[in-house]
Each structure stands twice: as structure tokens, then as C-alpha cells.
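To start, the structure itself, in C-alpha cells.
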Amino acid sequence: MKRPFILLIVFLLPFFLVGKDNPPQERNFRLFHFSADLYLNPVTQLLQGSVTFDISMIRTQTDSLVFYTPGINISAVSLKSYTGKEAFKPIRFQQVKDNLILYPEREIPFTVLQEPQITLKIDYSATSSRELHFVGWDDKTGRMRKQVWAHRPFGWIPYTDQMTTQDIRITFNRNYLVVSNGERISKTVSGDTAFTWHYRLDKPHPFYSVCLVAGDYAYKNLKTSRGVPLELWYYPDMADRFETTYRLQEEMFDFFEWETGFPYPYALYRNLPVADYLYGAMETTTSTVYADFMLVDPRGFLGRNFINTNAHELAHQWFGNCINDKTVNDLWLTESFATYYAKIFERKYMGEEQYEYQRDTERQKAMKIAETNNYPLGSGKAGSERWYQKGSLVMDMLRDVIGNEAFMAAIQYYLQHQAYGEAESNDFLKAIYNTSGQALDWFFDDWIYGGGEPEYKISWKNVKNADNQLITQVTVEQVQLVNSTSGLFRIPVTIETYDPDHQCVPKTIWIEKPVTVVEIPVSKLTSFVVFDAGNRILKKMQFTRQFDELASQAEFAHHMADRLEAVRSLQNFPVSQKREVLTRIFKKDSFHLIRTEIVNQLAVDSLSYGLMKKAMHDPQVLVRKAVTDYITIIPVPLQAEYETLLKDSAYFIVESALVNLCNTNRDNSLVIEKYLALTSRETGWRGRNIRVAWLGIAAYIHPEKKEYLEELIDYAGPSFDFETRTNALNELKKLDYLDEKSAGYLLAAAAYWNYKLSGPAKELVTYFQQQKRYIPLLEKTGK
């Protein structure tokens, strides 16, 4: 997630400019350091602040300075020389919409010296909820966690888009812990009810990566093998989730320092869970903020764990914080790198199947956005699917092209020469050239600055050449649209031929022309061909193959990605034709994506019930999940085995199994009662998923038992996290039920600052408004 453009002179420039030559934003002063004193009042949700900025002028004839101040009320602005001992002198200012414009009485001379000239002081108050969130303080029952958190400075510190060091002192209720970026310098008593917490970050980082968190926490201190201090925060009532949540934490540091050849760039690192968080996490410098739904127990771990997100945000400390992207066109240097390094960390510690699973997910997202537009990766319009997923795949391809040693040397050089500053795409290109001598302009033109992806049309045949030698002739055409933004692609491709004995002959060639014909000498007739072994290139492919070719590839190709591609390509063949080979593959191939795809294709086949029963007990959770995804109305021969999923180790499978079984037997209340009894003590994780679904079913079959409906309505209210509220409101929709209390909760949810709650709630308001009997209730409640 990135920051908006901030006005630096008296005219506005849009931040999200697009184009290959998008320049860096203009600046008229350089920020060195800021020091803030903040006072938080959670009852009034008011922040009182005073901040000083140490700056120097870098432009002549500058008559104004501008800061970004949405929702901030400025009470005074003053100025003094940085080295002088004189008092601050007031200066004229005005606020224009979201900007604070300062007018020094005299022109401040510019300097080329790398040191501050003047200190600005701004006194202010803020009530904005744009980035500073007071969570749980309006819950009169006291059940919601009380927190204050912000993962960006917008709306609570006057902001300018630069790199900076910082001191932050926060005064808050002494019953809570408080944290920001950097090292904890002190905690001092402030009056009878508060402490003042002082944090210092003495290495430059992006101003937008400032954070603030206050709440009821505990933390454990660990150290990496190199001695970097770690503070891993958690909720005191969830201490038993610590080990599961922070699994592999120390290993991440060792891996990234080895992979990058560059030590962790700051003095310490911490992780901070927060309630009602909008995303997965945010890489605020030294102090990553993450959604507390990833504070998981072993069963929750099977749904969504913190490992990949944790690694992604840690990688940002190198790529994003230590080195910031100079323009929005360079955002891929931050997000693509972090996504890539998280993926290869999982490859080392969680195995090749996890790596291929991540690559498959990336590939699908990148190709999905390609159906909409073909903006380049290095564009301000690229979008998250390119900055994250496509960019990660491009990093894989880049490493394949230049080699492992050259890639690692380029990364190390890039970090060494750009640390604590801003970089653009060409800086990374130069790092590759300066360390390996390889000129990768063509690669950047194709994959960074150019849009689209290659589309290959492949055909092959067995022939004999002029020497009467048997060869497999493969013809590759580039058939993608060639225009001003996307041309022919140049990339090395490995083609594999397999004979009837499953012996493989690989050949790597460069594809760069409209048509390329490849001749591969073979000793036996080829039975199938794999184009782009390992599915390394992000591409579209037109490759017509017969059933026997695909079946053989699905069973015998060396790489799991190639076997998966073949299994998916069997989708449109009749079940009767593919049942035998898919059953055989299911028995011997461990890759869970292949097994889930087989479940998908055979789920409706009554002759494959035996396979489905095995899938219900598969050791891999995603295979079991596939059963509940693809068999939602359960045939009688499968019901007894399906019921075992009600005791599954994964919360989300229990929920799906409960819903599917009850829907299948919706006219048999005795059977539903049995299912409810089996799951009556389950709560689940992420929005109390099992309990809320259970209540919706129980309230439906027992309308006379008001306690079920009352508990469900309670979960829709402000005493609970946004996912629990969303789940409860959706169950009320299924019941088509709304009373005055639940209507009030619905309208409050629709007005909530977290769009992941307010968005679904607004849709539900529209749903109930379309029913005339609910209109008066909603109008009365909304007054």
C-alpha cells in the first residue's frame, strides 16, 4: 500500500502519473528529521500534537512550504534556525482543503549542504479516522479489544513525502502498552494516569511508514542468529497462539540476510497484531502492523497463517523502507521484490510444492488482470495484481535468465548503493550490468516497461532430417497482438520431448522471432512434448493435444507444474475417458493442486466415490477442502464419510461441511439436529465462522428458541470484530430477519470506517430496503 502525492509548492501535482518517463515529484525542501509529541484521548478520539521538522531549502525563490494535513486542525506554526538558540517565531499559514501552506516572512536561502538549516514547529489537533483508528472504545459492554492504531501518518501528523529519521513521544493511559517505529528510548510517568513512551528511529525511512499502536498487549524478546533484537507482540489472552503465529520468524532473518547479502538495515524488528485491520499487514518501518486474524492456533494455521505475510513485510524492510521507490512507476521495486522473497523463503522452509502453489496463484491473478488491460509492470496504472504477483514471476524469470550468482550479486549491489534512499527501475538495471556485465535492457523493455505477455502457438511432429535421423520438430509462433506497448518477446525456453518409455530429452532455445522452428534429435518416436518445462514463463499458450498426450504428460512429466497443466487441460474430456488415468494419478502424485483438480473433475462421477472418500481423509488440508468446495449437495453413499469432516482439524472445513450437510438434509430436522450436536462446542476462527453458521442453522430450524437469534444478533454489533459482524449480518440475510436492534447494528456497520465491513453492510441495507416491510424500520432506526 502506498501514499498519496503531497503538495510541496503552491500548485498541485497529481501523484499517480502514468508513463515510462514519469518523473519524480518536485520538492523545494529536504527533510532530515521530525520530532513529535502526541497526546491521545480515546474517549473523545482526539489527538493533540506538536511536531518539529528539521529541514533545508533546495530551491531558490521559494515563498511557501506545504504539508499534507487531512483532518488536522492547525493551531500554530513557528520557525527558528536549526543551530540558533533563539525562540520559535510565529509564521503565517493557511489550510487549503487537505494541505497546510506555510509562508515564511523572509526568503530562506537554499543550500547544498547535507544538514538542516531551519526547524519548523506545528501545533495541532486531529480527529480524523482516515488512518488513526480508535477501536473498541465505543463498545459499552467492554468485550471488544480497546486499541488505537495507525499504519500511516496521514491525518495525525503533518506529512511530506520524503525519507526521514524521527523521534516520537506518545502520552497515553498507563494501563496500555504503546509502540511506534524504532528503538524504545524511555517510558516515563506523566501525571497520575499516563505514561509517555519515547521511540527513536535513527536511520532514514519513508515518512509514510510511520506507525502507532496502543492497547492491551504482551510481547516476547528474541534475537536472530546475528543478534538483531526481535519483539513479537501478542494478546495476553492468546499466549498459546504465540508459537504457531510466529513460526519460522528467526529463520526469515537469516534467509533474507543471506539471500540479499545485506544485513537487516535497522536496529530491531517487531510484529504488532491489531483489531479490525483492513489488510493482511503493513510494513511500517521496524514495526510491522498485521491483522489479528493471523494470530492463530494450530487449527487456524491450516486456514490462513502468518508465514507468507510475515516474510513479505519483513522483506519490505529492505525493499520499500531501506530503499523507497522514487515514483509510482517504480513501485514494483517494492512490492514485486517483497512478494518474490516471501515466496522463495517458503520454498526453502516449506518445500517445492508450496513454492509452486504460490507461483500458480500468482500466475492466475496476473493473467486475470491481463484480460482487462495490458499496462506495464513499471507503470503507475499497473495495479496490485502486477506489482505483486506478475512482478514476483518476473523476478523468477530474471533469475532464470541471468543465473543465480549474478542475480544475488545484483541484489547486493543494489542494496549497498541505494540504501536509505530512493531508487528507480533503472538503478536495478544498472546494478545487474555493474555486477555481471549483462545488459538486460531487452528484458526490462519486454517485462518492465512494456505491457502484455507473450502468447505462443505450439505444434510438433516426428520427422527425419536430411541425414535420416529421427527428430522431433517443434514450431513456436508468437501470436500476441503487437502494438506500441507490446511487441515480440525474447526469452529462453526449455522444451522437453518424452518417448513411450517416458525418457525425457530437454532442449533450451531462445524464442524471439514471430516463428521459431526447433529440431530435437531423439532416439524413439516422441509421445508428448512439454513446452516451457516447469511453466517458468508468464504466458498464454495455444497447444492442441490429443487425450493420450495429455494423459501421459499428466502422469509422467518430470515437473509438477507441467503435470498440473496437463491435468487441467483434461477438464473438457468425458469422465468415462479420463477416470482411470486420473484415479491412478491421484494415488501416486502428492502435489495437492493436482489432487484438488482431480477431485474437481471427478466430483460428480458416481464411479469415483471411493476416490472422494480417500480425499476426505487426505493429509493435505486443501485436498479435503476441495471435497467441500466441489461436493456441496452430498450423495447418500458419501454422507456417512462426509460427516467425518465435522471433526476436521481445519476450522473452515468444519464450517463448510456443516453447511453442506445441513443444506443436503434441509427437510430432515432430526439429521440436522445430529450435525448441530456434533459441532455445538465449535467456535472457529476468522469471524467465529463455525459458531455463526451454527446459529444461523439453529435459528432456522428452531424459530421458537429466541436465544439462538439473540446471540446471532449480538455478534452483528460493535462488541465484535468486523469479520464476526459481517458473518452474522449475512446469516440474518439468509434468515430474512431484521428487527430494531439488528437494523441499528446494520446501519452502524454500513457507516463503519473499515470498508470490509461497511461494503457488505451497505449491500445488505440495499437488500432489506428492497422489501417494503423493512423500509419503515430502517428509516426509524436511521433517525
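By order in the C-alpha cells, chains are A, B, ...; within a chain, residues start at 1; ligands start at 1, following the order shown.
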Query raised in the report: Can you list every residue in region 320-504 of chain A that DSSP puts in strand (DSSP E), as a PyMOL selection string?
Result: chain A and resi 323-325+421-423+455-464+470-478+491-498+504
May I have the selected residues written with C-alpha atoms, as an mmCIF file, in the first residue's frame?
```cif
data_model
loop_
_atom_site.group_PDB
_atom_site.id
_atom_site.type_symbol
_atom_site.label_atom_id
_atom_site.label_comp_id
_atom_site.auth_asym_id
_atom_site.auth_seq_id
_atom_site.Cartn_x
_atom_site.Cartn_y
_atom_site.Cartn_z
ATOM 1 C CA ILE A 323 15.123 1.656 -0.290
ATOM 2 C CA ASN A 324 11.999 3.563 -1.237
ATOM 3 C CA ASP A 325 10.638 3.710 -4.776
ATOM 4 C CA GLY A 421 17.400 6.484 -0.234
ATOM 5 C CA GLU A 422 15.100 6.322 -3.223
ATOM 6 C CA ALA A 423 15.543 4.180 -6.310
ATOM 7 C CA GLU A 455 1.113 -15.854 -26.452
ATOM 8 C CA TYR A 456 2.585 -18.912 -28.078
ATOM 9 C CA LYS A 457 1.015 -21.262 -30.602
ATOM 10 C CA ILE A 458 2.786 -24.625 -30.490
ATOM 11 C CA SER A 459 2.701 -27.656 -32.728
ATOM 12 C CA TRP A 460 5.048 -30.605 -33.182
ATOM 13 C CA LYS A 461 5.664 -33.694 -35.266
ATOM 14 C CA ASN A 462 8.071 -36.611 -35.590
ATOM 15 C CA VAL A 463 10.167 -36.368 -38.774
ATOM 16 C CA LYS A 464 13.522 -37.433 -40.158
ATOM 17 C CA LEU A 470 14.774 -39.092 -36.176
ATOM 18 C CA ILE A 471 13.921 -35.657 -34.803
ATOM 19 C CA THR A 472 11.010 -34.003 -33.096
ATOM 20 C CA GLN A 473 10.231 -30.752 -34.870
ATOM 21 C CA VAL A 474 8.537 -28.142 -32.698
ATOM 22 C CA THR A 475 7.092 -24.993 -34.250
ATOM 23 C CA VAL A 476 6.544 -21.991 -31.989
ATOM 24 C CA GLU A 477 4.662 -18.901 -33.145
ATOM 25 C CA GLN A 478 4.236 -15.669 -31.207
ATOM 26 C CA ILE A 491 13.133 -15.289 -23.668
ATOM 27 C CA PRO A 492 14.907 -18.645 -23.290
ATOM 28 C CA VAL A 493 12.510 -21.598 -23.255
ATOM 29 C CA THR A 494 13.125 -25.226 -22.361
ATOM 30 C CA ILE A 495 11.261 -27.764 -24.481
ATOM 31 C CA GLU A 496 11.080 -31.406 -23.397
ATOM 32 C CA THR A 497 10.234 -34.418 -25.510
ATOM 33 C CA TYR A 498 9.129 -37.707 -23.928
ATOM 34 C CA CYS A 504 12.970 -37.092 -21.498
#
```
Report task. For Lys614 (chain A), work out the shell of residues within 10 Å, counting only C-alpha atoms and skipping chain neighbours fewer than 3 positions away, then give it as an MDAnalysis selection string. Result -> chainID A and resid 586:587 609:611 617:619 623:624 641
Report summary line: CA of Lys756 (chain A) sits from CA of Gly280 (chain A) at a separation of 12.1 Å
Requested in this report: Just the residues within 9 Å of Thr596 (chain A), please, counting only C-alpha atoms, with nothing from its chain fewer than 6 positions along; format it as a PyMOL selection string.
Outcome: chain A and resi 615+622-627
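Distances to Ala419 (chain A) were evaluated for A:Arg490, A:Arg359, A:Lys365, A:Lys203 using only C-alpha atoms, and the minimum falls at A:Lys203.
Nearest residue to Thr224 (chain A) among A:Tyr199, A:Trp447, A:Tyr246, A:Phe253 is A:Phe253, counting only C-alpha atoms.
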Query - Glu580 (chain A) surroundings by only C-alpha atoms, 12 Å radius, close-in-sequence under 5 positions cut, as a ChimeraX atom specification - result: /A:551,555,574-575,585-587,598,602,605,607-608,611
Residue selection dump (N, CA, C and O atoms) as an mmCIF file, in the first residue's frame:
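Printed below is again08.cif as written:
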```
data_model
loop_
_atom_site.group_PDB
_atom_site.id
_atom_site.type_symbol
_atom_site.label_atom_id
_atom_site.label_comp_id
_atom_site.auth_asym_id
_atom_site.auth_seq_id
_atom_site.Cartn_x
_atom_site.Cartn_y
_atom_site.Cartn_z
ATOM 1 N N ALA A 551 -2.764 -37.187 -21.128
ATOM 2 C CA ALA A 551 -2.772 -38.193 -20.066
ATOM 3 C C ALA A 551 -1.346 -38.617 -19.703
ATOM 4 O O ALA A 551 -0.998 -38.760 -18.525
ATOM 5 N N GLU A 555 0.773 -37.763 -16.125
ATOM 6 C CA GLU A 555 1.280 -38.837 -15.278
ATOM 7 C C GLU A 555 2.801 -38.880 -15.216
ATOM 8 O O GLU A 555 3.368 -39.215 -14.160
ATOM 9 N N PRO A 574 -14.501 -36.352 -21.576
ATOM 10 C CA PRO A 574 -15.538 -37.069 -20.808
ATOM 11 C C PRO A 574 -14.957 -37.786 -19.602
ATOM 12 O O PRO A 574 -13.830 -38.301 -19.640
ATOM 13 N N VAL A 575 -15.737 -37.832 -18.542
ATOM 14 C CA VAL A 575 -15.290 -38.508 -17.331
ATOM 15 C C VAL A 575 -14.953 -39.967 -17.616
ATOM 16 O O VAL A 575 -13.964 -40.510 -17.098
ATOM 17 N N ILE A 585 -3.366 -41.283 -11.148
ATOM 18 C CA ILE A 585 -2.524 -40.139 -10.788
ATOM 19 C C ILE A 585 -2.791 -39.718 -9.348
ATOM 20 O O ILE A 585 -1.852 -39.392 -8.604
ATOM 21 N N PHE A 586 -4.050 -39.746 -8.940
ATOM 22 C CA PHE A 586 -4.389 -39.346 -7.565
ATOM 23 C C PHE A 586 -3.668 -40.245 -6.554
ATOM 24 O O PHE A 586 -3.235 -39.775 -5.496
ATOM 25 N N LYS A 587 -3.545 -41.505 -6.888
ATOM 26 C CA LYS A 587 -2.911 -42.436 -5.954
ATOM 27 C C LYS A 587 -1.419 -42.185 -5.812
ATOM 28 O O LYS A 587 -0.847 -42.439 -4.738
ATOM 29 N N ILE A 598 -8.142 -33.065 -9.564
ATOM 30 C CA ILE A 598 -8.771 -34.362 -9.841
ATOM 31 C C ILE A 598 -10.094 -34.473 -9.098
ATOM 32 O O ILE A 598 -11.102 -34.951 -9.647
ATOM 33 N N LEU A 602 -13.740 -35.123 -10.966
ATOM 34 C CA LEU A 602 -14.451 -36.389 -10.735
ATOM 35 C C LEU A 602 -15.531 -36.281 -9.660
ATOM 36 O O LEU A 602 -16.153 -37.289 -9.310
ATOM 37 N N ASP A 605 -18.911 -37.812 -10.420
ATOM 38 C CA ASP A 605 -18.860 -39.150 -11.002
ATOM 39 C C ASP A 605 -19.158 -40.198 -9.927
ATOM 40 O O ASP A 605 -18.366 -40.388 -8.994
ATOM 41 N N LEU A 607 -18.938 -43.294 -10.036
ATOM 42 C CA LEU A 607 -17.962 -44.370 -10.010
ATOM 43 C C LEU A 607 -16.653 -43.952 -9.337
ATOM 44 O O LEU A 607 -15.743 -44.776 -9.211
ATOM 45 N N SER A 608 -16.561 -42.685 -8.925
ATOM 46 C CA SER A 608 -15.350 -42.184 -8.261
ATOM 47 C C SER A 608 -15.592 -41.915 -6.781
ATOM 48 O O SER A 608 -14.797 -41.216 -6.141
ATOM 49 N N LEU A 611 -12.654 -42.689 -4.530
ATOM 50 C CA LEU A 611 -11.608 -41.668 -4.539
ATOM 51 C C LEU A 611 -12.013 -40.493 -3.653
ATOM 52 O O LEU A 611 -11.178 -39.929 -2.924
#
```
Report task. Using only C-alpha atoms, determine which residues lie at most 12 Å from region 428-442 of chain A, disregarding the query and same-chain residues fewer than 5 positions distant; provide the list as a PyMOL selection string. Result -> chain A and resi 319+323+325+330+332-334+337+395+398-399+401-418+422-423+447-450+487-491+512
For the selection just defined, write its residues with C-alpha atoms to a file, as a PDB file, in the first residue's frame.
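What landed in again.pdb:
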```
ATOM      1  CA  PHE A 319      12.783  -3.240  -0.267  1.00  0.00           C
ATOM      2  CA  ILE A 323      15.123   1.656  -0.290  1.00  0.00           C
ATOM      3  CA  ASP A 325      10.638   3.710  -4.776  1.00  0.00           C
ATOM      4  CA  ASP A 330       8.926   2.189  -9.628  1.00  0.00           C
ATOM      5  CA  TRP A 332       7.274  -2.814  -8.463  1.00  0.00           C
ATOM      6  CA  LEU A 333      10.745  -2.489  -6.885  1.00  0.00           C
ATOM      7  CA  THR A 334       8.963  -2.560  -3.538  1.00  0.00           C
ATOM      8  CA  PHE A 337      10.574  -7.854  -4.531  1.00  0.00           C
ATOM      9  CA  MET A 395      11.765 -11.924 -10.723  1.00  0.00           C
ATOM     10  CA  LEU A 398      15.046 -12.711 -14.380  1.00  0.00           C
ATOM     11  CA  ARG A 399      16.905 -15.102 -12.089  1.00  0.00           C
ATOM     12  CA  VAL A 401      17.913 -15.637 -17.394  1.00  0.00           C
ATOM     13  CA  ILE A 402      20.978 -14.172 -15.645  1.00  0.00           C
ATOM     14  CA  GLY A 403      21.777 -17.038 -13.298  1.00  0.00           C
ATOM     15  CA  ASN A 404      21.709 -17.451  -9.549  1.00  0.00           C
ATOM     16  CA  GLU A 405      25.089 -15.913  -8.717  1.00  0.00           C
ATOM     17  CA  ALA A 406      24.577 -12.885 -10.961  1.00  0.00           C
ATOM     18  CA  PHE A 407      21.115 -12.311  -9.514  1.00  0.00           C
ATOM     19  CA  MET A 408      22.331 -12.369  -5.919  1.00  0.00           C
ATOM     20  CA  ALA A 409      25.292 -10.111  -6.734  1.00  0.00           C
ATOM     21  CA  ALA A 410      22.976  -7.582  -8.401  1.00  0.00           C
ATOM     22  CA  ILE A 411      20.646  -7.526  -5.407  1.00  0.00           C
ATOM     23  CA  GLN A 412      23.540  -6.968  -3.010  1.00  0.00           C
ATOM     24  CA  TYR A 413      24.969  -4.169  -5.165  1.00  0.00           C
ATOM     25  CA  TYR A 414      21.539  -2.532  -5.486  1.00  0.00           C
ATOM     26  CA  LEU A 415      21.067  -2.526  -1.705  1.00  0.00           C
ATOM     27  CA  GLN A 416      24.586  -1.296  -0.987  1.00  0.00           C
ATOM     28  CA  HIS A 417      24.313   1.633  -3.403  1.00  0.00           C
ATOM     29  CA  GLN A 418      20.699   2.674  -2.794  1.00  0.00           C
ATOM     30  CA  GLU A 422      15.100   6.322  -3.223  1.00  0.00           C
ATOM     31  CA  ALA A 423      15.543   4.180  -6.310  1.00  0.00           C
ATOM     32  CA  TRP A 447       8.782  -7.268 -18.905  1.00  0.00           C
ATOM     33  CA  ILE A 448       9.029  -3.949 -17.002  1.00  0.00           C
ATOM     34  CA  TYR A 449       8.484  -1.086 -19.426  1.00  0.00           C
ATOM     35  CA  GLY A 450       6.428  -2.988 -21.982  1.00  0.00           C
ATOM     36  CA  GLY A 487       5.895  -6.367 -29.067  1.00  0.00           C
ATOM     37  CA  LEU A 488       7.607  -9.679 -29.702  1.00  0.00           C
ATOM     38  CA  PHE A 489       9.140 -11.193 -26.578  1.00  0.00           C
ATOM     39  CA  ARG A 490      12.660 -12.552 -26.249  1.00  0.00           C
ATOM     40  CA  ILE A 491      13.133 -15.289 -23.668  1.00  0.00           C
ATOM     41  CA  GLU A 512      12.360 -14.080 -30.082  1.00  0.00           C
TER      42      GLU A 512
END
```
